[in-house]
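Q: What follows is final_15.cif, mmCIF, C-alpha atoms.
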data_data
#
loop_
_atom_site.group_PDB
_atom_site.id
_atom_site.type_symbol
_atom_site.label_atom_id
_atom_site.label_comp_id
_atom_site.auth_asym_id
_atom_site.auth_seq_id
_atom_site.Cartn_x
_atom_site.Cartn_y
_atom_site.Cartn_z
ATOM 1 C CA PRO A 1 101.942 136.026 87.219
ATOM 2 C CA ARG A 2 102.820 134.814 83.770
ATOM 3 C CA ASN A 3 102.105 138.326 82.452
ATOM 4 C CA MET A 4 104.516 140.287 84.641
ATOM 5 C CA SER A 5 106.197 143.306 83.117
ATOM 6 C CA MET A 6 108.305 146.221 84.297
ATOM 7 C CA SER A 7 105.139 148.343 84.444
ATOM 8 C CA GLY A 8 103.977 146.273 87.401
ATOM 9 C CA VAL A 9 101.140 144.502 85.615
ATOM 10 C CA VAL A 10 100.279 141.252 87.407
ATOM 11 C CA ASP A 11 97.930 138.476 86.307
ATOM 12 C CA LEU A 12 95.676 138.625 89.358
ATOM 13 C CA ALA A 13 93.389 135.937 87.970
ATOM 14 C CA ALA A 14 96.338 133.554 87.999
ATOM 15 C CA VAL A 15 97.131 134.496 91.597
ATOM 16 C CA LYS A 16 93.579 133.856 92.729
ATOM 17 C CA ALA A 17 93.300 130.612 90.749
ATOM 18 C CA ALA A 18 96.567 129.305 92.169
ATOM 19 C CA GLY A 19 95.511 130.256 95.667
ATOM 20 C CA GLU A 20 92.138 128.572 95.282
ATOM 21 C CA ALA A 21 93.747 125.430 93.884
ATOM 22 C CA LYS A 22 96.094 125.138 96.843
ATOM 23 C CA GLN A 23 93.313 125.820 99.328
ATOM 24 C CA LYS A 24 91.158 123.212 97.589
ATOM 25 C CA ALA A 25 93.971 120.685 97.899
ATOM 26 C CA GLU A 26 94.357 121.398 101.606
ATOM 27 C CA LYS A 27 90.605 121.157 102.257
ATOM 28 C CA ALA A 28 90.205 117.981 100.219
ATOM 29 C CA ARG A 29 93.156 116.436 102.031
ATOM 30 C CA ALA A 30 91.727 117.372 105.430
ATOM 31 C CA GLU A 31 88.243 116.130 104.562
ATOM 32 C CA ALA A 32 89.583 112.833 103.255
ATOM 33 C CA ALA A 33 91.595 112.320 106.411
ATOM 34 C CA ARG A 34 88.542 113.122 108.565
ATOM 35 C CA THR A 35 86.135 110.785 106.775
ATOM 36 C CA GLY A 36 88.554 108.042 105.790
ATOM 37 C CA GLY A 37 87.441 108.525 102.199
ATOM 38 C CA VAL A 38 90.860 108.400 100.589
ATOM 39 C CA ALA A 39 90.991 106.002 97.676
ATOM 40 C CA PRO A 40 94.057 103.748 98.204
ATOM 41 C CA THR A 41 94.824 103.477 94.486
ATOM 42 C CA ARG A 42 95.531 107.193 94.293
ATOM 43 C CA LEU A 43 98.072 107.131 97.052
ATOM 44 C CA VAL A 44 99.495 103.602 96.907
ATOM 45 C CA PHE A 45 100.477 102.144 93.547
ATOM 46 C CA ASP A 46 102.735 99.553 91.952
ATOM 47 C CA VAL A 47 105.626 100.752 89.797
ATOM 48 C CA ASP A 48 107.708 98.930 87.220
ATOM 49 C CA GLU A 49 110.741 99.934 85.195
ATOM 50 C CA ALA A 50 108.665 101.163 82.264
ATOM 51 C CA GLY A 51 106.599 103.531 84.383
ATOM 52 C CA PHE A 52 109.293 104.697 86.793
ATOM 53 C CA GLN A 53 110.081 107.935 84.944
ATOM 54 C CA GLN A 54 106.520 109.182 84.955
ATOM 55 C CA ASP A 55 105.106 107.560 88.084
ATOM 56 C CA VAL A 56 108.038 108.330 90.379
ATOM 57 C CA LEU A 57 110.520 110.851 88.976
ATOM 58 C CA GLN A 58 108.023 113.261 87.446
ATOM 59 C CA ARG A 59 105.541 112.872 90.277
ATOM 60 C CA SER A 60 108.246 113.636 92.836
ATOM 61 C CA THR A 61 108.299 117.263 91.686
ATOM 62 C CA GLU A 62 104.807 117.659 93.176
ATOM 63 C CA VAL A 63 104.831 115.293 96.140
ATOM 64 C CA PRO A 64 107.450 113.177 97.968
ATOM 65 C CA VAL A 65 107.341 109.623 96.604
ATOM 66 C CA VAL A 66 108.188 106.927 99.154
ATOM 67 C CA ILE A 67 109.360 103.649 97.597
ATOM 68 C CA ASP A 68 108.759 100.269 99.229
ATOM 69 C CA PHE A 69 111.088 97.618 97.805
ATOM 70 C CA TRP A 70 109.484 94.239 98.545
ATOM 71 C CA ALA A 71 109.136 90.654 97.342
ATOM 72 C CA GLU A 72 106.469 87.978 97.793
ATOM 73 C CA TRP A 73 108.858 85.644 99.620
ATOM 74 C CA CYS A 74 110.012 88.346 102.087
ATOM 75 C CA GLU A 75 108.319 87.833 105.474
ATOM 76 C CA PRO A 76 109.476 91.169 107.009
ATOM 77 C CA CYS A 77 108.015 92.889 103.934
ATOM 78 C CA LYS A 78 104.609 91.488 104.855
ATOM 79 C CA GLN A 79 104.906 93.191 108.231
ATOM 80 C CA LEU A 80 106.166 96.538 106.929
ATOM 81 C CA SER A 81 104.062 97.076 103.794
ATOM 82 C CA PRO A 82 100.654 97.255 105.543
ATOM 83 C CA ILE A 83 102.035 99.840 107.973
ATOM 84 C CA LEU A 84 103.367 101.968 105.125
ATOM 85 C CA GLU A 85 100.091 101.725 103.230
ATOM 86 C CA ARG A 86 98.026 102.691 106.270
ATOM 87 C CA LEU A 87 100.281 105.646 107.069
ATOM 88 C CA THR A 88 100.139 106.773 103.445
ATOM 89 C CA ARG A 89 96.364 107.022 103.651
ATOM 90 C CA GLU A 90 96.536 108.665 107.063
ATOM 91 C CA TYR A 91 98.898 111.377 105.800
ATOM 92 C CA ALA A 92 96.355 112.008 103.021
ATOM 93 C CA GLY A 93 98.505 113.296 100.197
ATOM 94 C CA ARG A 94 101.569 114.592 102.034
ATOM 95 C CA PHE A 95 103.423 111.776 100.299
ATOM 96 C CA VAL A 96 102.550 108.851 98.037
ATOM 97 C CA LEU A 97 103.761 105.254 98.184
ATOM 98 C CA ALA A 98 105.261 103.437 95.191
ATOM 99 C CA LYS A 99 105.643 99.669 95.618
ATOM 100 C CA ILE A 100 108.379 97.942 93.636
ATOM 101 C CA ASP A 101 108.585 94.144 93.399
ATOM 102 C CA VAL A 102 112.334 93.529 93.299
ATOM 103 C CA ASP A 103 111.978 90.141 91.578
ATOM 104 C CA ALA A 104 110.224 91.762 88.628
ATOM 105 C CA ASN A 105 112.338 94.932 88.572
ATOM 106 C CA GLN A 106 115.957 93.942 89.089
ATOM 107 C CA MET A 107 117.295 97.007 87.278
ATOM 108 C CA LEU A 108 115.620 99.408 89.720
ATOM 109 C CA PHE A 109 116.762 97.240 92.612
ATOM 110 C CA GLN A 110 120.371 97.582 91.420
ATOM 111 C CA GLN A 111 120.182 101.265 90.513
ATOM 112 C CA PHE A 112 119.111 102.206 94.024
ATOM 113 C CA GLY A 113 121.881 100.079 95.493
ATOM 114 C CA VAL A 114 119.485 98.130 97.687
ATOM 115 C CA GLN A 115 121.401 95.728 99.941
ATOM 116 C CA GLY A 116 118.415 93.809 101.275
ATOM 117 C CA ILE A 117 114.653 93.994 101.667
ATOM 118 C CA PRO A 118 112.439 95.416 102.894
ATOM 119 C CA ALA A 119 114.108 98.689 101.989
ATOM 120 C CA VAL A 120 112.448 102.094 101.915
ATOM 121 C CA PHE A 121 113.662 105.044 99.857
ATOM 122 C CA ALA A 122 112.128 108.351 98.833
ATOM 123 C CA VAL A 123 112.412 110.469 95.728
ATOM 124 C CA VAL A 124 112.071 114.246 96.110
ATOM 125 C CA ALA A 125 112.361 116.588 93.139
ATOM 126 C CA GLY A 126 113.811 113.730 91.126
ATOM 127 C CA GLN A 127 116.507 112.874 93.658
ATOM 128 C CA PRO A 128 116.688 109.577 95.624
ATOM 129 C CA VAL A 129 116.870 109.691 99.420
ATOM 130 C CA PRO A 130 117.497 106.497 101.459
ATOM 131 C CA LEU A 131 115.139 106.266 104.448
ATOM 132 C CA PHE A 132 115.554 102.952 106.274
ATOM 133 C CA GLN A 133 115.968 99.209 105.824
ATOM 134 C CA GLY A 134 114.130 96.427 107.604
ATOM 135 C CA ALA A 135 110.764 96.230 109.347
ATOM 136 C CA ALA A 136 111.108 99.318 111.533
ATOM 137 C CA PRO A 137 108.661 100.135 114.360
ATOM 138 C CA GLU A 138 105.754 102.408 113.447
ATOM 139 C CA ALA A 139 106.909 105.236 115.733
ATOM 140 C CA GLN A 140 110.263 105.336 113.960
ATOM 141 C CA ILE A 141 108.588 105.239 110.548
ATOM 142 C CA ARG A 142 106.385 108.189 111.481
ATOM 143 C CA GLN A 143 109.426 110.167 112.578
ATOM 144 C CA VAL A 144 111.219 109.465 109.307
ATOM 145 C CA LEU A 145 108.150 110.414 107.262
ATOM 146 C CA ASP A 146 107.697 113.658 109.196
ATOM 147 C CA GLN A 147 111.319 114.565 108.537
ATOM 148 C CA LEU A 148 110.912 113.747 104.844
ATOM 149 C CA ILE A 149 107.808 115.935 104.517
ATOM 150 C CA GLN A 150 109.466 118.801 106.361
ATOM 151 C CA ALA A 151 112.603 118.601 104.209
ATOM 152 C CA ALA A 152 110.572 118.487 100.985
ATOM 153 C CA GLU A 153 108.669 121.612 101.972
ATOM 154 C CA GLN A 154 111.589 123.580 103.388
ATOM 155 C CA GLN A 155 114.160 122.663 100.741
ATOM 156 C CA PHE A 156 111.989 122.642 97.624
ATOM 157 C CA GLY A 157 108.580 124.037 98.524
ATOM 158 C CA ILE A 158 106.918 120.676 97.762
ATOM 159 C CA VAL A 159 103.812 120.354 99.933
ATOM 160 C CA GLY A 160 101.999 117.348 98.471
ATOM 161 C CA VAL A 161 98.951 116.837 96.292
ATOM 162 C CA PRO A 162 95.181 116.712 96.765
ATOM 163 C CA VAL A 163 93.860 113.211 97.297
ATOM 164 C CA GLN A 164 90.701 113.620 95.253
ATOM 165 C CA ASP A 165 90.136 114.427 91.593
ATOM 166 C CA GLU A 166 88.200 117.441 90.355
ATOM 167 C CA GLY A 167 85.169 115.296 89.616
ATOM 168 C CA ASP A 168 84.941 113.702 93.059
ATOM 169 C CA GLU A 169 82.283 114.612 95.581
ATOM 170 C CA GLY A 170 84.925 115.863 98.007
ATOM 171 C CA ALA A 171 86.277 118.269 95.420
ATOM 172 C CA GLU A 172 82.763 119.480 94.609
ATOM 173 C CA ALA A 173 82.118 120.098 98.290
ATOM 174 C CA VAL A 174 85.308 122.130 98.481
ATOM 175 C CA ALA A 175 84.317 124.157 95.430
ATOM 176 C CA GLN A 176 81.022 124.997 97.121
ATOM 177 C CA GLN A 177 82.640 126.305 100.307
ATOM 178 C CA PRO A 178 81.027 129.561 101.481
ATOM 179 C CA ALA A 179 82.859 132.852 101.227
ATOM 180 C CA THR A 180 85.542 133.342 103.845
ATOM 181 C CA PRO A 181 85.716 136.390 106.130
ATOM 182 C CA TYR A 182 88.872 137.466 104.286
ATOM 183 C CA ASP A 183 87.382 137.675 100.781
ATOM 184 C CA GLY A 184 86.745 141.422 101.086
ATOM 185 C CA ALA A 185 90.240 142.105 102.415
ATOM 186 C CA LEU A 186 91.799 140.007 99.662
ATOM 187 C CA ALA A 187 89.775 141.797 96.991
ATOM 188 C CA ALA A 188 90.985 145.147 98.339
ATOM 189 C CA ALA A 189 94.583 143.882 98.337
ATOM 190 C CA HIS A 190 94.259 142.693 94.738
ATOM 191 C CA GLU A 191 92.825 146.057 93.716
ATOM 192 C CA ALA A 192 95.697 147.892 95.376
ATOM 193 C CA LEU A 193 98.199 145.669 93.613
ATOM 194 C CA ASP A 194 96.453 146.139 90.272
ATOM 195 C CA ALA A 195 96.464 149.904 90.784
ATOM 196 C CA GLY A 196 100.196 149.977 91.525
ATOM 197 C CA ASP A 197 99.775 150.787 95.227
ATOM 198 C CA LEU A 198 102.422 148.275 96.239
ATOM 199 C CA GLY A 199 102.806 149.476 99.815
ATOM 200 C CA GLY A 200 99.071 149.288 100.358
ATOM 201 C CA ALA A 201 98.901 145.821 98.783
ATOM 202 C CA VAL A 202 101.756 144.516 100.928
ATOM 203 C CA GLN A 203 100.109 145.785 104.099
ATOM 204 C CA ALA A 204 96.699 144.434 103.096
ATOM 205 C CA TYR A 205 98.067 140.958 102.450
ATOM 206 C CA LYS A 206 100.004 141.054 105.721
ATOM 207 C CA ASN A 207 96.812 142.005 107.568
ATOM 208 C CA VAL A 208 95.080 138.898 106.225
ATOM 209 C CA LEU A 209 98.055 136.693 107.111
ATOM 210 C CA ALA A 210 98.204 138.119 110.630
ATOM 211 C CA ASP A 211 94.757 136.621 111.277
ATOM 212 C CA ASP A 212 95.051 133.630 108.933
ATOM 213 C CA PRO A 213 98.737 132.621 108.538
ATOM 214 C CA GLY A 214 97.854 129.708 106.253
ATOM 215 C CA ASN A 215 95.906 131.737 103.685
ATOM 216 C CA THR A 216 97.522 130.654 100.429
ATOM 217 C CA GLU A 217 96.018 133.390 98.282
ATOM 218 C CA ALA A 218 97.381 136.060 100.615
ATOM 219 C CA LYS A 219 100.813 134.426 100.590
ATOM 220 C CA LEU A 220 100.887 134.415 96.788
ATOM 221 C CA GLY A 221 99.709 138.006 96.562
ATOM 222 C CA LEU A 222 102.236 139.152 99.152
ATOM 223 C CA ALA A 223 105.065 137.423 97.288
ATOM 224 C CA GLN A 224 104.113 139.275 94.093
ATOM 225 C CA ALA A 225 103.662 142.638 95.783
ATOM 226 C CA GLU A 226 107.008 142.362 97.560
ATOM 227 C CA LEU A 227 108.730 141.352 94.330
ATOM 228 C CA LEU A 228 107.379 144.383 92.494
ATOM 229 C CA SER A 229 108.310 146.600 95.452
ATOM 230 C CA ARG A 230 111.901 145.342 95.356
ATOM 231 C CA VAL A 231 112.400 146.207 91.701
ATOM 232 C CA GLU A 232 110.467 149.490 91.710
ATOM 233 C CA GLY A 233 112.802 152.399 91.087
ATOM 234 C CA THR A 234 115.926 150.269 90.642
ATOM 235 C CA ASP A 235 118.503 150.995 87.971
ATOM 236 C CA ALA A 236 118.259 147.858 85.847
ATOM 237 C CA GLN A 237 121.538 148.501 84.066
ATOM 238 C CA GLN A 238 123.426 148.955 87.320
ATOM 239 C CA VAL A 239 121.841 145.844 88.861
ATOM 240 C CA ARG A 240 122.792 143.691 85.885
ATOM 241 C CA LYS A 241 126.339 145.072 85.799
ATOM 242 C CA ALA A 242 126.780 144.253 89.504
ATOM 243 C CA ALA A 243 125.543 140.710 88.874
ATOM 244 C CA ALA A 244 127.892 140.259 85.923
ATOM 245 C CA ASP A 245 130.870 141.597 87.900
ATOM 246 C CA SER A 246 130.172 139.439 90.983
ATOM 247 C CA PRO A 247 128.800 136.040 89.919
ATOM 248 C CA ALA A 248 129.250 134.584 93.421
ATOM 249 C CA ASP A 249 127.626 137.511 95.274
ATOM 250 C CA PRO A 250 124.170 136.279 96.340
ATOM 251 C CA ALA A 251 122.783 139.786 96.900
ATOM 252 C CA ALA A 252 123.746 140.852 93.384
ATOM 253 C CA GLN A 253 122.343 137.684 91.842
ATOM 254 C CA ILE A 254 119.108 137.915 93.853
ATOM 255 C CA ALA A 255 118.553 141.494 92.672
ATOM 256 C CA ALA A 256 119.163 140.470 89.060
ATOM 257 C CA ALA A 257 116.889 137.440 89.405
ATOM 258 C CA ASP A 258 114.073 139.710 90.581
ATOM 259 C CA LEU A 259 114.522 141.822 87.467
ATOM 260 C CA ASP A 260 114.586 138.697 85.304
ATOM 261 C CA LEU A 261 111.307 137.498 86.750
ATOM 262 C CA VAL A 262 109.495 140.827 86.506
ATOM 263 C CA GLY A 263 110.698 141.105 82.931
ATOM 264 C CA GLY A 264 109.160 137.740 82.100
ATOM 265 C CA HIS A 265 112.479 135.845 81.895
ATOM 266 C CA VAL A 266 111.410 133.157 84.334
ATOM 267 C CA GLU A 267 113.909 130.467 83.346
ATOM 268 C CA ASP A 268 116.754 132.995 83.526
ATOM 269 C CA ALA A 269 115.753 134.025 87.041
ATOM 270 C CA PHE A 270 115.557 130.438 88.250
ATOM 271 C CA GLY A 271 118.757 129.396 86.484
ATOM 272 C CA ARG A 272 120.648 132.346 87.936
ATOM 273 C CA LEU A 273 119.742 131.414 91.504
ATOM 274 C CA VAL A 274 120.313 127.683 91.018
ATOM 275 C CA GLU A 275 123.801 128.542 89.775
ATOM 276 C CA THR A 276 124.307 130.857 92.766
ATOM 277 C CA VAL A 277 123.376 128.004 95.108
ATOM 278 C CA ARG A 278 125.936 125.829 93.321
ATOM 279 C CA ARG A 279 128.692 128.442 93.637
ATOM 280 C CA THR A 280 128.171 129.401 97.283
ATOM 281 C CA VAL A 281 128.225 127.829 100.745
ATOM 282 C CA GLY A 282 126.851 128.553 104.205
ATOM 283 C CA GLU A 283 124.663 131.613 104.723
ATOM 284 C CA ASP A 284 125.199 132.839 101.154
ATOM 285 C CA ARG A 285 123.918 129.559 99.752
ATOM 286 C CA GLU A 286 120.942 129.541 102.104
ATOM 287 C CA ALA A 287 120.011 133.109 101.127
ATOM 288 C CA ALA A 288 119.987 132.186 97.437
ATOM 289 C CA ARG A 289 118.021 128.988 98.050
ATOM 290 C CA LEU A 290 115.349 130.678 100.152
ATOM 291 C CA HIS A 291 114.944 133.468 97.627
ATOM 292 C CA LEU A 292 114.525 130.911 94.857
ATOM 293 C CA LEU A 293 111.708 129.284 96.848
ATOM 294 C CA GLU A 294 110.065 132.707 97.192
ATOM 295 C CA LEU A 295 110.176 133.142 93.416
ATOM 296 C CA PHE A 296 108.622 129.701 93.007
ATOM 297 C CA GLU A 297 105.692 131.010 95.063
ATOM 298 C CA VAL A 298 105.305 133.982 92.733
ATOM 299 C CA ILE A 299 104.987 131.782 89.644
ATOM 300 C CA GLY A 300 103.008 128.891 91.147
ATOM 301 C CA ALA A 301 103.911 125.318 92.006
ATOM 302 C CA ASP A 302 102.144 123.796 88.991
ATOM 303 C CA ASP A 303 104.114 125.798 86.427
ATOM 304 C CA PRO A 304 106.467 123.489 84.445
ATOM 305 C CA ARG A 305 109.279 126.003 84.805
ATOM 306 C CA VAL A 306 109.019 125.698 88.576
ATOM 307 C CA VAL A 307 108.977 121.917 88.316
ATOM 308 C CA SER A 308 112.117 121.967 86.171
ATOM 309 C CA ALA A 309 113.906 124.422 88.464
ATOM 310 C CA ARG A 310 113.079 122.333 91.533
ATOM 311 C CA GLY A 311 114.773 119.377 89.881
ATOM 312 C CA ALA A 312 117.828 121.491 89.056
ATOM 313 C CA LEU A 313 117.981 122.764 92.636
ATOM 314 C CA ALA A 314 117.787 119.223 93.973
ATOM 315 C CA ARG A 315 120.686 118.120 91.784
ATOM 316 C CA VAL A 316 122.805 120.991 93.100
ATOM 317 C CA LEU A 317 121.917 120.373 96.751
ATOM 318 C CA PHE A 318 122.353 116.613 96.614
#
Could you write out this file's structure as structure tokens?
A:
Amino acid sequence: PRNMSMSGVVDLAAVKAAGEAKQKAEKARAEAARTGGVAPTRLVFDVDEAGFQQDVLQRSTEVPVVIDFWAEWCEPCKQLSPILERLTREYAGRFVLAKIDVDANQMLFQQFGVQGIPAVFAVVAGQPVPLFQGAAPEAQIRQVLDQLIQAAEQQFGIVGVPVQDEGDEGAEAVAQQPATPYDGALAAAHEALDAGDLGGAVQAYKNVLADDPGNTEAKLGLAQAELLSRVEGTDAQQVRKAAADSPADPAAQIAAADLDLVGGHVEDAFGRLVETVRRTVGEDREAARLHLLELFEVIGADDPRVVSARGALARVLF
């Protein structure tokens, strides 16, 4: 909803497009995993110092990037690397694998503080996370990867990337998927939202999610409808005064962030909640963090402002 305003106008085309894009990613990922048609070069790639910023740091705002530090002379590396590569393809876009030759990239080796190889790190939302060192058993590696994926999704809303490009046959097959049984219900929910019937829209989206909890379009629509419901009828001046008077009060900052977002001040809304996370601890911090993730859903994961805010959140949390 890049066109949000206090009148409740929402860019429904953007909601539907974002929902379709996420569903396409999920379907392409599932199809690739089923057929074994994942191209290794899209998921496993070599990285050097020159490309680290773009290939690892920037990419980590969309998908967890696992880093395999290795060298040609390292025998344990030759045992571990094939396992990591196979698991990367099996997980089909939930994470990607960056391979770094330590002999050719001593600066990266030193910056990560690697004590010995093989060593495996991850980067999530621009922040490094040590995983394990040595040729670990596959069962242990799977457990670590599952924890990484879960943390990326729960902490930052990062769910991975599609494994096929728009021009690939898999993507075309996804685009040609038949209408779902929820298309009519979603259309009715969008119409209610567009007409300002927020209660009706909320209930309609919830009805779809009750039968199909993973429906991304319904999740996005519900997030927007609930946001507009929260700010409807509020006294903007009073909300902003409360936020200014109590900078560490998460409830006050959350209410003000909602107003910021509906008013089109996206960076202000995100910055306000990132700062609230920094100032608070315990349940207050968790409330601010979770609300920030909800606002990410309203804007869409591919928006550069969301990408930037995820990085800022990671720096505060880590």
Q: With the file shown as input, list the residues that the PyMOL selection byres ((chain A and resi 95) around 12) selects, as a ChimeraX atom specification.
A: /A:29,42-44,56,59-67,84-85,87-94,96-98,122-124,145-150,152-153,158-163
Q: Between A:Glu217, A:Glu275, A:Asp46, A:Asp245, which has the minimum distance to Val102 of chain A (counting all atoms listed in the file)?
A: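 That would be A:Asp46, the residue with the smallest distance to Val102 of chain A.
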Q: Within 12 Å of (110.9, 127.4, 88.2) in the file's own coordinates, which protein, DNA or RNA residues have an atom, counting all atoms listed in the file? List them as a ChimeraX atom specification.
A: /A:2,61,125,156-157,257,261,265-274,291-313
Q: Please write the residues picked by the PyMOL selection byres ((chain A and resi 222) around 8) on this file as a ChimeraX atom specification.
A: /A:201-202,205-206,218-221,223-226
Q: Just to be explicit: take each residue in the selection above, keep C-alpha atoms, and write the result as a compact mmCIF listing (two decimals), in the coordinates of the input.
A:
# COMPACT_ATOMS: atom_id res chain seq x y z
CA ALA A 201 98.90 145.82 98.78
CA VAL A 202 101.76 144.52 100.93
CA TYR A 205 98.07 140.96 102.45
CA LYS A 206 100.00 141.05 105.72
CA ALA A 218 97.38 136.06 100.62
CA LYS A 219 100.81 134.43 100.59
CA LEU A 220 100.89 134.42 96.79
CA GLY A 221 99.71 138.01 96.56
CA ALA A 223 105.06 137.42 97.29
CA GLN A 224 104.11 139.28 94.09
CA ALA A 225 103.66 142.64 95.78
CA GLU A 226 107.01 142.36 97.56
Q: Could you tell me which of A:Ala50, A:Leu57, A:Ala192, A:Ile254 comes closest to Pro128 of chain A if we count all atoms listed in the file?
A: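 Comparing A:Ala50, A:Leu57, A:Ala192, A:Ile254 against Pro128 of chain A, the winner is A:Leu57.
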Q: Just give me the gap between atom CA of Gly199 of chain A and atom CA of Ser229 of chain A in Å, one decimal is fine.
A: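 Value for the atom CA of Gly199 of chain A-atom CA of Ser229 of chain A distance: 7.6 Å.
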Q: Tell me which of A:Glu49, A:Asp197, A:Asp258, A:Glu191 sits closest to Ala236 of chain A, counting all atoms listed in the file.
A: A:Asp258
Q: How many Å lie between atom CA of Glu138 of chain A and atom CA of Ala71 of chain A, rounded to one decimal?
A: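 Taking atom CA of Glu138 of chain A as the start and atom CA of Ala71 of chain A as the end point, the length is 20.2 Å.
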Q: Please measure the separation of atom CA of Leu108 of chain A and atom CA of Val47 of chain A, giving the value in Å to one decimal.
A: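 Between atom CA of Leu108 of chain A and atom CA of Val47 of chain A the gap works out to 10.1 Å.
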Q: Neighbouring residues of Phe132 of chain A were defined as those with any atom within 10 Å, considering only C-alpha atoms; residues of the same chain fewer than 2 positions away were excluded. Please report them as a VMD selection string.
A: chain A and resid 118 to 122 129 to 130 134 to 136 140 to 141 144
Q: Counting all atoms listed in the file, which residue out of A:Ser81, A:Thr280, A:Thr234, A:Gln155 sits closest to Ala248 of chain A?
A: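 Nearest to Ala248 of chain A: A:Thr280.
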